[in-house]
$ cat my_file01.tsv   # TSV, C-alpha atoms
chain	number	residue	atom	x	y	z
A	1	MET	CA	0.00	0.00	0.00
A	2	SER	CA	2.68	2.51	1.01
A	3	GLN	CA	4.57	1.67	-2.20
A	4	ASP	CA	1.42	2.36	-4.18
A	5	VAL	CA	1.02	5.78	-2.60
A	6	GLU	CA	4.61	6.67	-3.39
A	7	ALA	CA	4.30	5.58	-7.02
A	8	LYS	CA	1.04	7.46	-7.44
A	9	VAL	CA	2.43	10.64	-5.86
A	10	LYS	CA	5.49	10.52	-8.09
A	11	SER	CA	3.46	9.98	-11.23
A	12	ILE	CA	1.22	12.95	-10.36
A	13	ILE	CA	4.32	15.12	-9.87
A	14	VAL	CA	5.90	13.98	-13.14
A	15	ASP	CA	2.66	14.69	-14.96
A	16	LYS	CA	1.86	18.04	-13.32
A	17	LEU	CA	5.32	19.61	-13.30
A	18	GLY	CA	6.52	18.05	-16.54
A	19	VAL	CA	9.76	16.80	-14.95
A	20	ASP	CA	11.70	13.60	-15.53
A	21	GLU	CA	10.95	10.71	-13.21
A	22	SER	CA	14.62	10.49	-12.19
A	23	GLU	CA	14.44	14.03	-10.75
A	24	VAL	CA	11.55	13.13	-8.45
A	25	THR	CA	13.64	11.94	-5.53
A	26	HIS	CA	12.51	11.76	-1.92
A	27	GLU	CA	14.40	14.96	-1.01
A	28	ALA	CA	13.42	16.97	-4.11
A	29	ASN	CA	11.85	20.31	-3.23
A	30	PHE	CA	8.98	21.31	-5.55
A	31	THR	CA	10.09	24.92	-5.82
A	32	ASN	CA	13.88	24.75	-5.60
A	33	ASP	CA	14.55	21.46	-7.38
A	34	LEU	CA	11.57	20.80	-9.62
A	35	GLY	CA	10.97	24.35	-10.86
A	36	ALA	CA	7.43	24.75	-9.55
A	37	ASP	CA	6.10	28.27	-8.97
A	38	SER	CA	3.78	29.00	-6.06
A	39	LEU	CA	0.65	28.32	-8.09
A	40	ASP	CA	2.08	25.04	-9.38
A	41	THR	CA	2.41	23.82	-5.79
A	42	VAL	CA	-1.21	24.81	-5.11
A	43	GLU	CA	-2.28	22.89	-8.19
A	44	LEU	CA	-0.20	19.92	-7.13
A	45	ILE	CA	-2.01	19.84	-3.78
A	46	MET	CA	-5.34	20.11	-5.64
A	47	GLU	CA	-4.30	17.16	-7.78
A	48	PHE	CA	-3.42	15.08	-4.69
A	49	GLU	CA	-6.81	15.98	-3.21
A	50	LYS	CA	-8.59	14.84	-6.34
A	51	ASP	CA	-6.64	11.64	-6.97
A	52	PHE	CA	-6.61	10.48	-3.34
A	53	ASP	CA	-10.14	11.79	-2.71
A	54	ILE	CA	-9.18	13.70	0.44
A	55	SER	CA	-9.18	17.31	1.51
A	56	ILE	CA	-5.88	18.92	2.50
A	57	PRO	CA	-6.30	22.01	4.70
A	58	ASP	CA	-4.17	25.09	3.89
A	59	GLU	CA	-2.18	24.78	7.11
A	60	ASP	CA	-1.14	21.23	6.17
A	61	ALA	CA	-0.47	22.18	2.56
A	62	GLU	CA	2.06	24.79	3.68
A	63	ASN	CA	4.22	22.03	5.17
A	64	ILE	CA	4.31	19.94	2.03
A	65	ALA	CA	7.41	21.24	0.26
A	66	THR	CA	9.20	18.10	-0.92
A	67	VAL	CA	8.31	14.83	-2.61
A	68	GLY	CA	9.02	13.05	0.70
A	69	ASN	CA	6.70	15.42	2.61
A	70	ALA	CA	3.90	14.61	0.17
A	71	VAL	CA	4.46	10.84	0.26
A	72	GLU	CA	4.54	10.73	4.07
A	73	TYR	CA	1.53	13.01	4.46
A	74	LEU	CA	-0.56	11.00	2.01
A	75	GLN	CA	0.52	7.61	3.38
A	76	ASP	CA	-0.69	8.87	6.71
A	77	LYS	CA	-4.08	9.99	5.33
A	78	VAL	CA	-5.10	7.16	3.03
B	1	MET	CA	-14.63	36.40	-30.42
B	2	ASN	CA	-17.96	37.88	-29.50
B	3	LEU	CA	-20.04	39.21	-26.65
B	4	SER	CA	-21.98	36.00	-26.15
B	5	LEU	CA	-21.83	34.25	-22.78
B	6	GLU	CA	-23.41	31.09	-24.17
B	7	GLY	CA	-22.34	28.10	-22.04
B	8	LYS	CA	-20.85	30.26	-19.29
B	9	THR	CA	-21.96	30.30	-15.67
B	10	VAL	CA	-21.96	33.45	-13.57
B	11	LEU	CA	-22.38	34.48	-9.94
B	12	VAL	CA	-23.46	38.03	-9.06
B	13	THR	CA	-23.30	38.82	-5.35
B	14	GLY	CA	-25.99	41.22	-4.16
B	15	GLY	CA	-27.93	40.44	-7.31
B	16	SER	CA	-31.49	41.00	-6.16
B	17	ARG	CA	-31.64	44.78	-6.48
B	18	GLY	CA	-30.09	47.83	-8.07
B	19	ILE	CA	-26.96	47.49	-10.19
B	20	GLY	CA	-26.53	43.80	-9.27
B	21	ARG	CA	-29.99	43.00	-10.59
B	22	ALA	CA	-29.33	44.82	-13.86
B	23	ILE	CA	-26.04	42.93	-14.24
B	24	ALA	CA	-27.65	39.53	-13.54
B	25	LEU	CA	-30.41	40.14	-16.10
B	26	MET	CA	-28.11	41.49	-18.80
B	27	LEU	CA	-25.67	38.59	-18.49
B	28	ALA	CA	-28.61	36.16	-18.71
B	29	ASP	CA	-29.87	38.05	-21.78
B	30	ASN	CA	-26.54	37.26	-23.38
B	31	GLY	CA	-26.70	33.54	-22.76
B	32	ALA	CA	-25.20	32.97	-19.30
B	33	ASP	CA	-26.62	30.81	-16.53
B	34	VAL	CA	-26.79	33.16	-13.57
B	35	ALA	CA	-26.72	32.64	-9.82
B	36	ILE	CA	-27.28	35.56	-7.47
B	37	THR	CA	-26.76	35.91	-3.75
B	38	PHE	CA	-28.88	38.18	-1.59
B	39	ARG	CA	-28.92	39.00	2.10
B	40	SER	CA	-32.51	39.81	2.99
B	41	SER	CA	-34.73	40.64	0.00
B	42	VAL	CA	-36.24	37.20	-0.63
B	43	ASP	CA	-39.07	38.40	-2.88
B	44	ALA	CA	-36.82	40.56	-5.03
B	45	ALA	CA	-34.34	37.68	-5.39
B	46	ASP	CA	-37.08	35.24	-6.38
B	47	GLU	CA	-38.27	37.70	-9.01
B	48	VAL	CA	-34.78	37.99	-10.53
B	49	LYS	CA	-34.51	34.19	-10.56
B	50	LYS	CA	-37.83	33.92	-12.34
B	51	LEU	CA	-36.87	36.55	-14.91
B	52	ILE	CA	-33.62	34.72	-15.68
B	53	GLU	CA	-35.46	31.42	-16.12
B	54	GLU	CA	-37.94	33.11	-18.45
B	55	LYS	CA	-34.98	33.97	-20.68
B	56	GLY	CA	-34.30	30.22	-20.96
B	57	GLN	CA	-31.24	30.23	-18.68
B	58	ARG	CA	-30.55	28.31	-15.49
B	59	ALA	CA	-30.84	30.43	-12.35
B	60	LYS	CA	-30.16	30.26	-8.64
B	61	ALA	CA	-30.97	32.68	-5.84
B	62	ILE	CA	-28.94	31.86	-2.74
B	63	GLN	CA	-29.41	33.64	0.57
B	64	ALA	CA	-25.96	34.41	1.97
B	65	ASP	CA	-24.20	37.00	4.04
B	66	ALA	CA	-21.22	38.16	1.95
B	67	VAL	CA	-19.28	38.99	5.11
B	68	ASN	CA	-19.16	35.34	6.18
B	69	PHE	CA	-16.05	33.51	4.93
B	70	ASP	CA	-17.43	29.97	5.23
B	71	SER	CA	-20.71	30.91	3.62
B	72	ALA	CA	-18.87	32.19	0.52
B	73	GLN	CA	-17.13	28.83	0.25
B	74	GLU	CA	-20.49	27.02	0.54
B	75	VAL	CA	-22.09	29.19	-2.15
B	76	ILE	CA	-19.25	28.51	-4.59
B	77	THR	CA	-19.32	24.78	-3.81
B	78	GLU	CA	-23.07	24.64	-4.45
B	79	ILE	CA	-22.69	26.34	-7.83
B	80	THR	CA	-19.66	24.34	-8.99
B	81	GLU	CA	-21.27	21.06	-7.94
B	82	ASP	CA	-24.61	21.78	-9.62
B	83	TRP	CA	-23.29	23.59	-12.70
B	84	GLU	CA	-19.84	21.92	-12.85
B	85	LYS	CA	-17.94	25.21	-13.14
B	86	LEU	CA	-18.03	28.93	-12.55
B	87	ASP	CA	-16.71	31.14	-15.35
B	88	VAL	CA	-17.53	34.61	-14.10
B	89	LEU	CA	-17.77	36.17	-10.63
B	90	VAL	CA	-19.22	39.65	-10.18
B	91	ASN	CA	-18.57	41.00	-6.69
B	92	ASN	CA	-21.30	43.57	-6.39
B	93	ALA	CA	-22.67	43.27	-2.83
B	94	GLY	CA	-22.24	46.57	-1.03
B	95	ILE	CA	-23.74	48.97	1.48
B	96	THR	CA	-23.35	52.58	2.58
B	97	ARG	CA	-23.32	53.94	6.15
B	98	ASP	CA	-22.59	57.60	5.46
B	99	ASN	CA	-21.34	59.98	8.10
B	100	LEU	CA	-18.68	62.61	8.59
B	101	ILE	CA	-15.50	61.14	10.06
B	102	LEU	CA	-16.07	63.28	13.15
B	103	ARG	CA	-19.40	61.54	13.72
B	104	MET	CA	-18.69	58.10	12.29
B	105	SER	CA	-19.02	55.22	14.72
B	106	GLU	CA	-16.68	52.25	14.79
B	107	GLU	CA	-19.67	50.10	13.83
B	108	GLN	CA	-20.40	52.20	10.72
B	109	TRP	CA	-16.78	51.85	9.67
B	110	ASP	CA	-16.59	48.09	10.31
B	111	GLN	CA	-19.91	47.25	8.64
B	112	VAL	CA	-18.94	48.95	5.39
B	113	ILE	CA	-15.39	47.57	5.27
B	114	ASP	CA	-16.64	44.05	6.01
B	115	THR	CA	-19.52	44.06	3.56
B	116	ASN	CA	-17.78	45.86	0.72
B	117	LEU	CA	-14.16	44.71	1.06
B	118	LYS	CA	-13.90	41.51	3.08
B	119	SER	CA	-16.66	40.02	0.93
B	120	ILE	CA	-14.47	40.53	-2.13
B	121	PHE	CA	-11.68	38.53	-0.49
B	122	ASN	CA	-14.15	35.82	0.60
B	123	TYR	CA	-15.63	35.21	-2.83
B	124	SER	CA	-12.50	35.81	-4.90
B	125	LYS	CA	-10.58	33.31	-2.77
B	126	ALA	CA	-13.39	30.76	-2.96
B	127	VAL	CA	-13.46	30.85	-6.77
B	128	ALA	CA	-9.68	30.71	-7.29
B	129	LYS	CA	-9.34	26.92	-7.16
B	130	PRO	CA	-12.41	26.12	-9.26
B	131	MET	CA	-11.29	28.68	-11.85
B	132	MET	CA	-7.76	27.19	-11.88
B	133	ARG	CA	-9.27	23.76	-12.51
B	134	ASN	CA	-11.41	25.28	-15.23
B	135	ARG	CA	-8.32	26.82	-16.88
B	136	GLY	CA	-9.62	30.36	-16.69
B	137	GLY	CA	-12.19	32.81	-15.44
B	138	SER	CA	-13.18	36.45	-15.19
B	139	ILE	CA	-13.75	38.36	-11.98
B	140	ILE	CA	-15.37	41.77	-12.04
B	141	ASN	CA	-15.38	43.81	-8.85
B	142	ILE	CA	-17.75	46.73	-8.54
B	143	SER	CA	-16.08	49.81	-7.07
B	144	SER	CA	-17.22	53.42	-7.27
B	145	VAL	CA	-15.83	56.77	-8.45
B	146	VAL	CA	-15.88	57.62	-4.77
B	147	GLY	CA	-13.05	55.10	-4.37
B	148	ILE	CA	-11.01	57.10	-6.89
B	149	SER	CA	-11.89	60.67	-5.89
B	150	GLY	CA	-13.00	60.37	-2.27
B	151	ASN	CA	-16.19	61.93	-0.96
B	152	ALA	CA	-16.97	63.90	2.17
B	153	GLY	CA	-19.27	61.85	4.38
B	154	GLN	CA	-18.26	58.55	2.78
B	155	SER	CA	-14.77	57.84	4.12
B	156	ASN	CA	-15.71	54.26	4.99
B	157	TYR	CA	-17.33	53.61	1.62
B	158	ALA	CA	-14.49	55.31	-0.28
B	159	ALA	CA	-11.87	53.30	1.64
B	160	SER	CA	-13.63	50.02	0.83
B	161	LYS	CA	-14.03	50.93	-2.84
B	162	ALA	CA	-10.41	52.10	-3.18
B	163	GLY	CA	-9.23	49.02	-1.28
B	164	LEU	CA	-10.85	46.65	-3.71
B	165	ILE	CA	-8.96	48.26	-6.61
B	166	GLY	CA	-5.64	47.34	-4.96
B	167	PHE	CA	-6.96	43.88	-4.17
B	168	THR	CA	-8.06	43.36	-7.77
B	169	LYS	CA	-4.67	44.36	-9.21
B	170	SER	CA	-2.88	41.97	-6.84
B	171	TYR	CA	-5.29	39.16	-7.67
B	172	ALA	CA	-4.85	39.84	-11.38
B	173	LYS	CA	-1.06	39.53	-11.01
B	174	GLU	CA	-1.23	36.36	-8.91
B	175	LEU	CA	-3.57	34.46	-11.21
B	176	ALA	CA	-2.81	35.84	-14.67
B	177	SER	CA	-0.66	32.80	-15.50
B	178	ARG	CA	-3.76	30.64	-15.06
B	179	ASN	CA	-5.82	32.73	-17.47
B	180	ILE	CA	-7.91	34.21	-14.67
B	181	ARG	CA	-8.61	37.89	-15.23
B	182	ALA	CA	-9.73	40.40	-12.61
B	183	ASN	CA	-11.02	43.88	-13.37
B	184	VAL	CA	-12.90	46.71	-11.70
B	185	VAL	CA	-15.91	48.70	-12.82
B	186	ALA	CA	-16.29	52.04	-11.04
B	187	PRO	CA	-19.76	53.52	-11.49
B	188	GLY	CA	-20.45	57.19	-10.90
B	189	TYR	CA	-23.89	58.52	-10.11
B	190	ILE	CA	-26.29	55.75	-11.13
B	191	THR	CA	-29.98	55.93	-10.24
B	192	THR	CA	-30.77	53.05	-7.85
B	193	GLU	CA	-32.45	52.56	-4.49
B	194	MET	CA	-29.11	53.44	-2.91
B	195	THR	CA	-29.03	56.88	-4.51
B	196	ASP	CA	-32.74	57.48	-3.89
B	197	GLU	CA	-31.72	58.17	-0.30
B	198	LEU	CA	-29.71	61.25	-1.33
B	199	ASP	CA	-31.44	64.61	-1.07
B	200	GLU	CA	-32.40	66.80	-4.01
B	201	LYS	CA	-29.57	69.33	-3.52
B	202	VAL	CA	-26.89	66.65	-3.54
B	203	LEU	CA	-28.39	65.12	-6.68
B	204	GLU	CA	-28.34	68.49	-8.49
B	205	SER	CA	-24.69	69.07	-7.63
B	206	ILE	CA	-23.79	65.55	-8.77
B	207	LYS	CA	-25.37	66.27	-12.15
B	208	GLU	CA	-23.42	69.53	-12.39
B	209	GLU	CA	-20.16	67.70	-11.74
B	210	THR	CA	-20.87	65.12	-14.43
B	211	PRO	CA	-19.60	66.20	-17.87
B	212	LEU	CA	-22.27	64.14	-19.62
B	213	GLY	CA	-24.81	66.10	-17.56
B	214	ARG	CA	-27.03	63.30	-16.37
B	215	ALA	CA	-27.24	60.36	-14.03
B	216	GLY	CA	-26.37	56.95	-15.39
B	217	ASP	CA	-28.60	53.92	-15.64
B	218	ALA	CA	-27.85	50.54	-14.04
B	219	ASP	CA	-27.90	48.97	-17.52
B	220	GLU	CA	-25.00	51.22	-18.52
B	221	VAL	CA	-22.93	49.63	-15.75
B	222	ALA	CA	-24.18	46.16	-16.67
B	223	SER	CA	-23.08	46.53	-20.29
B	224	THR	CA	-19.50	47.25	-19.16
B	225	VAL	CA	-19.60	44.18	-16.90
B	226	LEU	CA	-20.86	42.15	-19.87
B	227	PHE	CA	-17.85	43.27	-21.92
B	228	LEU	CA	-15.42	42.28	-19.14
B	229	ALA	CA	-17.19	38.93	-18.66
B	230	SER	CA	-17.01	38.12	-22.36
B	231	ASP	CA	-14.11	36.93	-24.51
B	232	LEU	CA	-13.99	40.37	-26.17
B	233	SER	CA	-11.96	41.58	-23.19
B	234	GLU	CA	-9.62	38.59	-23.01
B	235	TYR	CA	-6.45	40.72	-23.07
B	236	ILE	CA	-7.63	43.06	-20.28
B	237	THR	CA	-6.75	42.38	-16.64
B	238	GLY	CA	-6.11	44.53	-13.56
B	239	GLU	CA	-7.94	47.43	-15.21
B	240	THR	CA	-10.45	49.85	-13.69
B	241	ILE	CA	-13.13	51.15	-16.04
B	242	ARG	CA	-15.09	54.19	-14.88
B	243	VAL	CA	-18.75	54.30	-15.91
B	244	ASP	CA	-19.42	57.77	-14.59
B	245	GLY	CA	-20.26	60.16	-17.40
B	246	GLY	CA	-16.76	61.61	-17.10
B	247	MET	CA	-17.11	62.60	-13.45
B	248	ALA	CA	-13.73	61.42	-12.14
B	249	MET	CA	-11.43	62.12	-15.08
$ encode --input "my_file01.tsv" --output "structure tokens"
Amino acid sequence: MSQDVEAKVKSIIVDKLGVDESEVTHEANFTNDLGADSLDTVELIMEFEKDFDISIPDEDAENIATVGNAVEYLQDKV
Amino acid sequence: MNLSLEGKTVLVTGGSRGIGRAIALMLADNGADVAITFRSSVDAADEVKKLIEEKGQRAKAIQADAVNFDSAQEVITEITEDWEKLDVLVNNAGITRDNLILRMSEEQWDQVIDTNLKSIFNYSKAVAKPMMRNRGGSIINISSVVGISGNAGQSNYAASKAGLIGFTKSYAKELASRNIRANVVAPGYITTEMTDELDEKVLESIKEETPLGRAGDADEVASTVLFLASDLSEYITGETIRVDGGMAM
């Protein structure tokens, strides 16, 4: 299950930010490493919400800055 | 490109009376499905809803207090769930509580700032995500020439109407990359229930200060909103258009 979440998160990121899968490492920061602007990160969160069918409050979203943050947060929620 | 709003959905806050009503009806005339919010005038809101439906468009009249943050979210959710998307938001809800600064109460100040300015934040924030998903949108915020020129006895109203111009420009910059446009329409002296409260002397002097020499009609504001809602204005964002007979130039 946790592997599934990680794969799904990474595929959403690859799709949304148009980056290469090899760049989407655990430590990669959306803004600094993957070239996302502030609206891209909002859209990424919206995409997670849609694909995992959950709602991510703004205060949680602010703490999701890296691929690892997203994977851990979503593993915890689903 | 044309003026038609065929297939577009619209929300007009404060749409049961005055300028908001004229906007709601004109946008429906041009093919939009139109939802309005209203605070207290149930009968007037029902009438607007009926008139929109008679034009063959879908309509909603939702009772909501524009000051309430959560309520704005609920209104937008209801519309986007039932109609799948929201293309155009017209922030029109507004009140006046006129008084000289020397006599103005804290309550008069707060009521006007909350209703006229906080409401703009509430609704504009609530539509941002749905409009991003929808790959675009148009927001039109109704200001006033008073927000540009100031007016004795209306410091609260003028502050709220000037404030929303700054808000709109910031919003336009933040969301331009997602094809979401935000513009302001600033009416001058338009005959509505709100201006009916002014006394004869004030009205005469307003006419004298207006180069076109007459009061405007709510439809003349609505037609400018229609332009900004339509694809004809697709390269315009962050702009303020005065509809004031030349008053504030």
$ residues_around --input "my_file01.tsv" --residues "segment 85-102 of chain B" --least-positions-apart "2" --cutoff "7 Å" --atoms "all atoms listed in the file" --output "JSON, numbers by chain"
{"B": [8, 9, 10, 11, 12, 13, 14, 20, 80, 83, 104, 108, 112, 115, 116, 120, 130, 131, 134, 137, 138, 139, 140, 141, 142, 152, 153, 154, 155, 157, 229]}
$ closest_atom_pairs --input "my_file01.tsv" --of "chain A" --to "chain B" --cutoff "12 Å" --atoms "only C-alpha atoms" --output "JSON lines"
{"residue": "A:Asp37", "atom": "CA", "partner": "B:Ser177", "partner_atom": "CA", "distance": 10.4}
{"residue": "A:Ser38", "atom": "CA", "partner": "B:Glu174", "partner_atom": "CA", "distance": 9.3}
{"residue": "A:Leu39", "atom": "CA", "partner": "B:Leu175", "partner_atom": "CA", "distance": 8.1}
{"residue": "A:Asp40", "atom": "CA", "partner": "B:Arg178", "partner_atom": "CA", "distance": 9.9}
{"residue": "A:Val42", "atom": "CA", "partner": "B:Lys129", "partner_atom": "CA", "distance": 8.6}
{"residue": "A:Glu43", "atom": "CA", "partner": "B:Met132", "partner_atom": "CA", "distance": 7.9}
{"residue": "A:Leu44", "atom": "CA", "partner": "B:Arg133", "partner_atom": "CA", "distance": 11.2}
{"residue": "A:Ile45", "atom": "CA", "partner": "B:Lys129", "partner_atom": "CA", "distance": 10.7}
{"residue": "A:Met46", "atom": "CA", "partner": "B:Lys129", "partner_atom": "CA", "distance": 8.0}
{"residue": "A:Glu47", "atom": "CA", "partner": "B:Arg133", "partner_atom": "CA", "distance": 9.5}
{"residue": "A:Glu49", "atom": "CA", "partner": "B:Lys129", "partner_atom": "CA", "distance": 11.9}
{"residue": "A:Lys50", "atom": "CA", "partner": "B:Arg133", "partner_atom": "CA", "distance": 10.9}
$ axis_aligned_box --input "my_file01.tsv" --around "segment 46-60 of chain A" --padding-each-side "5 Å" --output "JSON"
{"center_x": -5.6, "center_y": 17.8, "center_z": -0.3, "size_x": 19.0, "size_y": 24.6, "size_z": 24.9}
$ atom_distance --input "my_file01.tsv" --atom1 "atom CA of Gly15 of chain B" --atom2 "atom CA of Ile62 of chain B"
9.8 Å
$ residues_near_point --input "my_file01.tsv" --point "(-17.8, 32.0, 2.0)" --cutoff "12 Å" --atoms "all atoms listed in the file" --output "JSON, numbers by chain"
{"B": [13, 37, 63, 64, 65, 66, 67, 68, 69, 70, 71, 72, 73, 74, 75, 76, 77, 78, 118, 119, 120, 121, 122, 123, 124, 125, 126, 127]}
$ decode --input "my_file01.tsv" --residues "segment 171-188 of chain B" --atoms "N, CA and C atoms" --output "CSV table (one decimal), in the first residue's frame"
chain,number,residue,atom,x,y,z
B,171,TYR,N,-4.7,40.4,-7.2
B,171,TYR,CA,-5.3,39.2,-7.7
B,171,TYR,C,-5.0,38.9,-9.1
B,172,ALA,N,-5.1,40.0,-9.9
B,172,ALA,CA,-4.9,39.8,-11.4
B,172,ALA,C,-3.4,39.4,-11.6
B,173,LYS,N,-2.5,39.9,-10.8
B,173,LYS,CA,-1.1,39.5,-11.0
B,173,LYS,C,-0.8,38.1,-10.6
B,174,GLU,N,-1.5,37.7,-9.4
B,174,GLU,CA,-1.2,36.4,-8.9
B,174,GLU,C,-1.8,35.3,-9.8
B,175,LEU,N,-2.9,35.5,-10.5
B,175,LEU,CA,-3.6,34.5,-11.2
B,175,LEU,C,-3.6,34.6,-12.7
B,176,ALA,N,-2.9,35.6,-13.2
B,176,ALA,CA,-2.8,35.8,-14.7
B,176,ALA,C,-2.3,34.6,-15.4
B,177,SER,N,-1.3,33.9,-14.8
B,177,SER,CA,-0.7,32.8,-15.5
B,177,SER,C,-1.6,31.6,-15.7
B,178,ARG,N,-2.8,31.7,-14.9
B,178,ARG,CA,-3.8,30.6,-15.1
B,178,ARG,C,-5.0,31.1,-15.9
B,179,ASN,N,-4.8,32.2,-16.6
B,179,ASN,CA,-5.8,32.7,-17.5
B,179,ASN,C,-7.1,33.2,-16.7
B,180,ILE,N,-6.8,33.6,-15.5
B,180,ILE,CA,-7.9,34.2,-14.7
B,180,ILE,C,-7.7,35.7,-14.7
B,181,ARG,N,-8.7,36.4,-15.1
B,181,ARG,CA,-8.6,37.9,-15.2
B,181,ARG,C,-9.4,38.5,-14.1
B,182,ALA,N,-9.0,39.7,-13.6
B,182,ALA,CA,-9.7,40.4,-12.6
B,182,ALA,C,-9.7,41.9,-13.0
B,183,ASN,N,-10.9,42.5,-13.0
B,183,ASN,CA,-11.0,43.9,-13.4
B,183,ASN,C,-12.0,44.6,-12.5
B,184,VAL,N,-12.0,45.9,-12.5
B,184,VAL,CA,-12.9,46.7,-11.7
B,184,VAL,C,-13.8,47.6,-12.6
B,185,VAL,N,-15.0,47.7,-12.2
B,185,VAL,CA,-15.9,48.7,-12.8
B,185,VAL,C,-16.3,49.7,-11.7
B,186,ALA,N,-16.0,51.0,-12.0
B,186,ALA,CA,-16.3,52.0,-11.0
B,186,ALA,C,-17.4,53.0,-11.5
B,187,PRO,N,-18.6,52.7,-11.1
B,187,PRO,CA,-19.8,53.5,-11.5
B,187,PRO,C,-19.7,54.9,-10.8
B,188,GLY,N,-20.3,55.9,-11.5
B,188,GLY,CA,-20.4,57.2,-10.9
B,188,GLY,C,-21.8,57.3,-10.3
